[in-house]
Amino acid sequence: GGVSDVVRVALLGGGTVGSQVARLLTDSAEDLRQRAGATLELVAVAVRDTAKPRPGIDPALLTDDPMSVVTRDDVDIVVEVMGGLDPTRELLETALANGASVISANKALLSEHSASLHQIAHDHGVDLFYEAAVAGAIPLLRPLRESLAGDRVSRVLGIVNGTTNYILTKMDEEGADYADVLAEAQRLGYAEADPTADVGGHDAAAKAAILATLAFHSSVTLFDVYCEGITSVTLRDVEAARDLGYVIKLLAVAERTADGHGVVTRVHPALVPRAHPLASVRDAFNAVFVEAESAGQMMFYGRGAGGEPTASAVLGDLVTAARNRQAGAAGQAQSVYAGLTPRPIGEATTRYIINLDVADRPGVLAAIATCFGHHDVSIQTVRQDTTDEAGRAVLLIGTHAALDADLSATVDALRDLDAVNQVVSVMRVEGVE
Ligand code: NAP
Ligand code: HSE
């Protein structure tokens, strides 16, 4: 193809991300034409409400019938920034089967149905790209898929949800109230249409599944991911973490099991040491560490949410897909040849800090230490503080790395000890070597 060629692009969705994609297609038209080797012409924008004012979008392009868009014969690339599973899945399957390449920002959909969507794309010789679905603007999926194709990844760990990182940052720095900050994150265009997906950890879990699939060349879906959100993290927890020199972050972790044949993928709040680089990732920024055998440690950092940053990732995919079509090189199969088995969180290796309300009398510490020992968990630190109440003490016990199943069995056993009045809190610790 030469630069006089035209690649026709249809947008499904004209909201936070879609409106920015449309704007950049106009504002950067000439650069995009040079880079893609063809004019990227916007030919349709599907939305729910065609009457809503959408500055920068030609009203003649709007339709409320997305199926009519994906069945058109003159659309080369469909950009899906609409969200949801239904009717989105059917729309994208139809688009791919109809010979259009698809760019999507939809992690919810890709984390469940990437295998079937990739198969359809491959069968029809078209591309399916979704850089924007994970960590917003940050180039991460293409580096994993292409730049690291010659290496062996052992671990991916990071902050992949902007909304929850924004909330935790404001709680930590300003003592802000959870509900107020969530409303602010929604106003800034960071949150999902239903923010439960953010605060419940499901958005991060979907991204973790996508990252694990790419990093380990193995199929990992949303249902394989252990998921705990930030809804039960209180200001008290945040302050207690600070006292100990930690910050609470919602982490996504995917790592090979010790036997080399499995992968554990998990999302949960964790204590991160203040000096760790992840601790300084603030607001809606994301950061992902990738550890590979030859490359060592890499960190990918940038804006993880918001219309314009996300649109940047969409446009990058769009240029690549347009070039591939011109070159007749579209339609790579998904690489899941390694076939690692998704394993439960019990097989993860991590550390805990356990806060116990205990009886302050002889033999208590010994009984508690024995309980850890019985479950193969090694204690690293113990701090005891007396309380105002006579005969009671607060014990903070930090462990060495151990299997999550052993750590959780230890906590269950502690709950049954006479000397333990209450297990006040249990937090995982990451980022400590
Ligand atoms: P949004 O602002 O709610 O926009 C959604 C758009 O899709 C709206 O224009 C809406 O139409 C349209 N739409 C929804 N359902 C439709 C249907 N059934 N038929 C026709 N049109 C429909 O959402 P967003 O924040 O742009 O997010 C879009 C996608 O990008 C989601 O998959 C999200 O997970 C992903 N994403 C978002 C971000 C971010 O920071 N916002 C970052 C990365 C990925 P109306 O305008 O008429 O309501
Ligand atoms: N709601 C998502 C977030 C958008 O807060 O990270 C980016 O995927």
# chains A, B, ... in the order shown; residues from 1 in each chain; ligands from 1
>>> residues_near_ligand(ligand="ligand 2", cutoff="6 Å", atoms="only C-alpha atoms and all ligand atoms", output="list in words")
Ala133, Val134, Ala135, Gly136, Asn161, Gly162, Thr163, Tyr190, Ala191, Glu192, Asp198, Gly304 and Ala305 of chain A
>>> write_last_selection(atoms="C-alpha atoms", output="mmCIF file, in the first residue's frame")
data_model
loop_
_atom_site.group_PDB
_atom_site.id
_atom_site.type_symbol
_atom_site.label_atom_id
_atom_site.label_comp_id
_atom_site.auth_asym_id
_atom_site.auth_seq_id
_atom_site.Cartn_x
_atom_site.Cartn_y
_atom_site.Cartn_z
ATOM 1 C CA ALA A 133 -6.970 -3.157 27.977
ATOM 2 C CA VAL A 134 -4.072 -3.455 30.441
ATOM 3 C CA ALA A 135 -2.445 -0.535 32.257
ATOM 4 C CA GLY A 136 -3.888 2.206 30.026
ATOM 5 C CA ASN A 161 -5.901 -0.479 38.356
ATOM 6 C CA GLY A 162 -5.869 3.316 38.317
ATOM 7 C CA THR A 163 -9.070 3.851 40.266
ATOM 8 C CA TYR A 190 -10.760 6.440 35.590
ATOM 9 C CA ALA A 191 -13.486 4.124 36.883
ATOM 10 C CA GLU A 192 -15.397 1.428 35.040
ATOM 11 C CA ASP A 198 -12.500 -1.569 40.205
ATOM 12 C CA GLY A 304 -3.021 3.518 33.785
ATOM 13 C CA ALA A 305 -6.407 5.102 33.178
#
>>> residues_near_ligand(ligand="ligand 1", cutoff="7 Å", atoms="only C-alpha atoms and all ligand atoms", output="ChimeraX atom specification")
/A:12-18,46-50,52,64-66,81-84,87,105-108,132-134,136,189-193,304-307,310
>>> write_last_selection(atoms="N, CA and C atoms", output="tab-separated table (two decimals), in the first residue's frame")
chain	number	residue	atom	x	y	z
A	12	LEU	N	-16.76	1.45	18.04
A	12	LEU	CA	-17.89	1.03	18.87
A	12	LEU	C	-17.68	1.69	20.22
A	13	GLY	N	-18.47	2.72	20.51
A	13	GLY	CA	-18.32	3.48	21.75
A	13	GLY	C	-17.72	4.84	21.48
A	14	GLY	N	-18.33	5.86	22.05
A	14	GLY	CA	-17.84	7.23	21.89
A	14	GLY	C	-17.86	7.93	23.24
A	15	GLY	N	-17.44	7.21	24.28
A	15	GLY	CA	-17.44	7.76	25.64
A	15	GLY	C	-16.10	8.32	26.03
A	16	THR	N	-15.65	8.04	27.26
A	16	THR	CA	-14.39	8.58	27.78
A	16	THR	C	-13.23	8.28	26.83
A	17	VAL	N	-13.09	7.02	26.46
A	17	VAL	CA	-11.97	6.64	25.59
A	17	VAL	C	-12.30	6.93	24.12
A	18	GLY	N	-13.50	6.53	23.69
A	18	GLY	CA	-13.88	6.67	22.27
A	18	GLY	C	-13.81	8.11	21.77
A	46	ALA	N	-20.59	3.96	16.87
A	46	ALA	CA	-21.80	3.41	17.50
A	46	ALA	C	-21.86	3.82	18.96
A	47	VAL	N	-22.99	4.36	19.37
A	47	VAL	CA	-23.20	4.79	20.76
A	47	VAL	C	-24.60	4.35	21.18
A	48	ARG	N	-24.91	4.57	22.46
A	48	ARG	CA	-26.28	4.24	22.89
A	48	ARG	C	-27.23	5.37	22.53
A	49	ASP	N	-26.79	6.59	22.80
A	49	ASP	CA	-27.67	7.75	22.65
A	49	ASP	C	-27.10	8.67	21.55
A	50	THR	N	-27.71	8.63	20.37
A	50	THR	CA	-27.19	9.42	19.25
A	50	THR	C	-27.52	10.90	19.40
A	52	LYS	N	-27.01	12.70	22.19
A	52	LYS	CA	-26.06	13.37	23.09
A	52	LYS	C	-25.07	14.19	22.28
A	64	ASP	N	-26.98	4.07	16.61
A	64	ASP	CA	-27.20	3.31	17.86
A	64	ASP	C	-27.35	1.82	17.56
A	65	ASP	N	-26.90	1.43	16.37
A	65	ASP	CA	-27.01	0.03	15.96
A	65	ASP	C	-25.62	-0.54	15.64
A	66	PRO	N	-24.89	-0.96	16.68
A	66	PRO	CA	-23.51	-1.42	16.44
A	66	PRO	C	-23.43	-2.65	15.53
A	81	VAL	N	-14.45	0.32	22.10
A	81	VAL	CA	-14.25	1.01	23.38
A	81	VAL	C	-15.64	1.26	23.98
A	82	MET	N	-16.40	0.19	23.99
A	82	MET	CA	-17.79	0.23	24.42
A	82	MET	C	-17.93	-0.44	25.78
A	83	GLY	N	-17.19	-1.53	25.96
A	83	GLY	CA	-17.20	-2.24	27.24
A	83	GLY	C	-18.25	-3.32	27.31
A	84	GLY	N	-18.20	-4.12	28.38
A	84	GLY	CA	-19.20	-5.15	28.64
A	84	GLY	C	-19.00	-6.41	27.81
A	87	PRO	N	-23.75	-6.86	24.27
A	87	PRO	CA	-23.58	-7.68	23.06
A	87	PRO	C	-22.17	-7.63	22.48
A	105	ALA	N	-10.31	-2.29	24.05
A	105	ALA	CA	-9.78	-1.87	25.35
A	105	ALA	C	-10.47	-2.65	26.47
A	106	ASN	N	-11.15	-3.72	26.07
A	106	ASN	CA	-12.11	-4.39	26.95
A	106	ASN	C	-11.49	-5.60	27.67
A	107	LYS	N	-10.89	-5.33	28.84
A	107	LYS	CA	-10.24	-6.43	29.56
A	107	LYS	C	-11.23	-7.45	30.10
A	108	ALA	N	-12.45	-6.97	30.44
A	108	ALA	CA	-13.44	-7.92	30.95
A	108	ALA	C	-13.70	-9.00	29.90
A	132	ALA	N	-4.59	-1.35	25.06
A	132	ALA	CA	-5.26	-0.42	25.98
A	132	ALA	C	-5.98	-1.13	27.12
A	133	ALA	N	-6.19	-2.44	26.96
A	133	ALA	CA	-6.97	-3.16	27.98
A	133	ALA	C	-6.20	-3.31	29.29
A	134	VAL	N	-4.87	-3.25	29.23
A	134	VAL	CA	-4.07	-3.46	30.44
A	134	VAL	C	-3.15	-2.26	30.68
A	136	GLY	N	-3.65	0.97	30.79
A	136	GLY	CA	-3.89	2.21	30.03
A	136	GLY	C	-2.86	2.49	28.96
A	189	GLY	N	-12.87	10.03	34.97
A	189	GLY	CA	-12.89	9.07	33.85
A	189	GLY	C	-12.00	7.87	34.06
A	190	TYR	N	-11.63	7.58	35.32
A	190	TYR	CA	-10.76	6.44	35.59
A	190	TYR	C	-11.57	5.16	35.80
A	191	ALA	N	-12.75	5.30	36.42
A	191	ALA	CA	-13.49	4.12	36.88
A	191	ALA	C	-14.25	3.44	35.75
A	192	GLU	N	-14.55	2.18	35.96
A	192	GLU	CA	-15.40	1.43	35.04
A	192	GLU	C	-16.84	1.93	35.18
A	193	ALA	N	-17.66	1.62	34.16
A	193	ALA	CA	-19.07	2.01	34.19
A	193	ALA	C	-19.69	1.56	35.51
A	304	GLY	N	-2.29	4.77	33.92
A	304	GLY	CA	-3.02	3.52	33.79
A	304	GLY	C	-4.49	3.68	33.46
A	305	ALA	N	-4.98	4.89	33.44
A	305	ALA	CA	-6.41	5.10	33.18
A	305	ALA	C	-6.62	6.52	32.67
A	306	GLY	N	-7.85	6.77	32.19
A	306	GLY	CA	-8.18	8.08	31.65
A	306	GLY	C	-8.33	8.01	30.14
A	307	GLY	N	-9.19	8.85	29.61
A	307	GLY	CA	-9.53	8.79	28.19
A	307	GLY	C	-8.36	8.97	27.26
A	310	THR	N	-5.43	6.28	27.46
A	310	THR	CA	-5.92	5.00	26.92
A	310	THR	C	-6.03	5.08	25.40
>>> select_by_dssp(residues="segment 245-319 of chain A", states="helix (DSSP H, G or I)", output="MDAnalysis selection string")
chainID A and resid 277:280 307:319
>>> closest_residue(among="A:Gly37, A:Gly391, A:Gly431, A:Pro269", to="Thr320 of chain A", atoms="only C-alpha atoms")
A:Gly37
>>> residues_around(residues="Ser232 of chain A", least_positions_apart="4", cutoff="10 Å", atoms="only C-alpha atoms", output="list in words")
Val199, Gly200, Glu228, Asp237 and Pro269 of chain A
>>> atom_distance(atom1="atom CA of Leu235 of chain A", atom2="atom CA of Val247 of chain A")
11.7 Å
>>> atom_distance(atom1="atom CA of Tyr337 of chain A", atom2="atom CA of Tyr226 of chain A")
23.2 Å
>>> atom_distance(atom1="atom CA of Ala284 of chain A", atom2="atom CA of Pro309 of chain A")
11.0 Å
>>> residues_around(residues="Gln332 of chain A", least_positions_apart="3", cutoff="12 Å", atoms="only C-alpha atoms", output="ChimeraX atom specification")
/A:101,118-129,145-146,321,324,328-329,335
>>> closest_residue(among="A:Ala367, A:Leu11, A:Leu340, A:Val319", to="Asp418 of chain A", atoms="only C-alpha atoms")
A:Ala367
>>> residues_around(residues="segment 209-212 of chain A", least_positions_apart="6", cutoff="9 Å", atoms="only C-alpha atoms", output="list in words")
Lys107, Leu110, Ser111, Glu112, Ser114, Ala133, Val134, Leu140, Leu141, Leu144, Arg155, Val156, Ser218, Ser219, Val220, Thr221, Leu222, Phe223, Asp224, Val225, Val253, Ala254, Glu255, Val263, Val264, Thr265 and Arg266 of chain A
>>> residues_around(residues="segment 351-359 of chain A", least_positions_apart="3", cutoff="7 Å", atoms="only C-alpha atoms", output="ChimeraX atom specification")
/A:391-402,419-429
>>> closest_residue(among="A:Val336, A:Gln20, A:Val288, A:Asp360", to="Thr387 of chain A", atoms="only C-alpha atoms")
A:Asp360
>>> residues_around(residues="Ile103 of chain A", least_positions_apart="3", cutoff="8 Å", atoms="only C-alpha atoms", output="list in words")
Ile77, Val78, Val79, Glu80, Asp127, Leu128, Phe129, Tyr130, Val314, Asp317 and Leu318 of chain A
>>> closest_residue(among="A:Ala10, A:Ala369, A:Leu251, A:Val238", to="Ile159 of chain A", atoms="only C-alpha atoms")
A:Leu251
>>> closest_residue(among="A:Arg256, A:Arg242, A:Arg142, A:His375", to="Phe300 of chain A", atoms="only C-alpha atoms")
A:Arg142
>>> closest_residue(among="A:Glu430, A:Glu389, A:Asp412, A:Glu308", to="Ala22 of chain A", atoms="only C-alpha atoms")
A:Glu308
>>> select_by_dssp(residues="segment 279-383 of chain A", states="strand (DSSP E)", output="ChimeraX atom specification")
/A:285-292,296-303,341-343,349-359,379-383
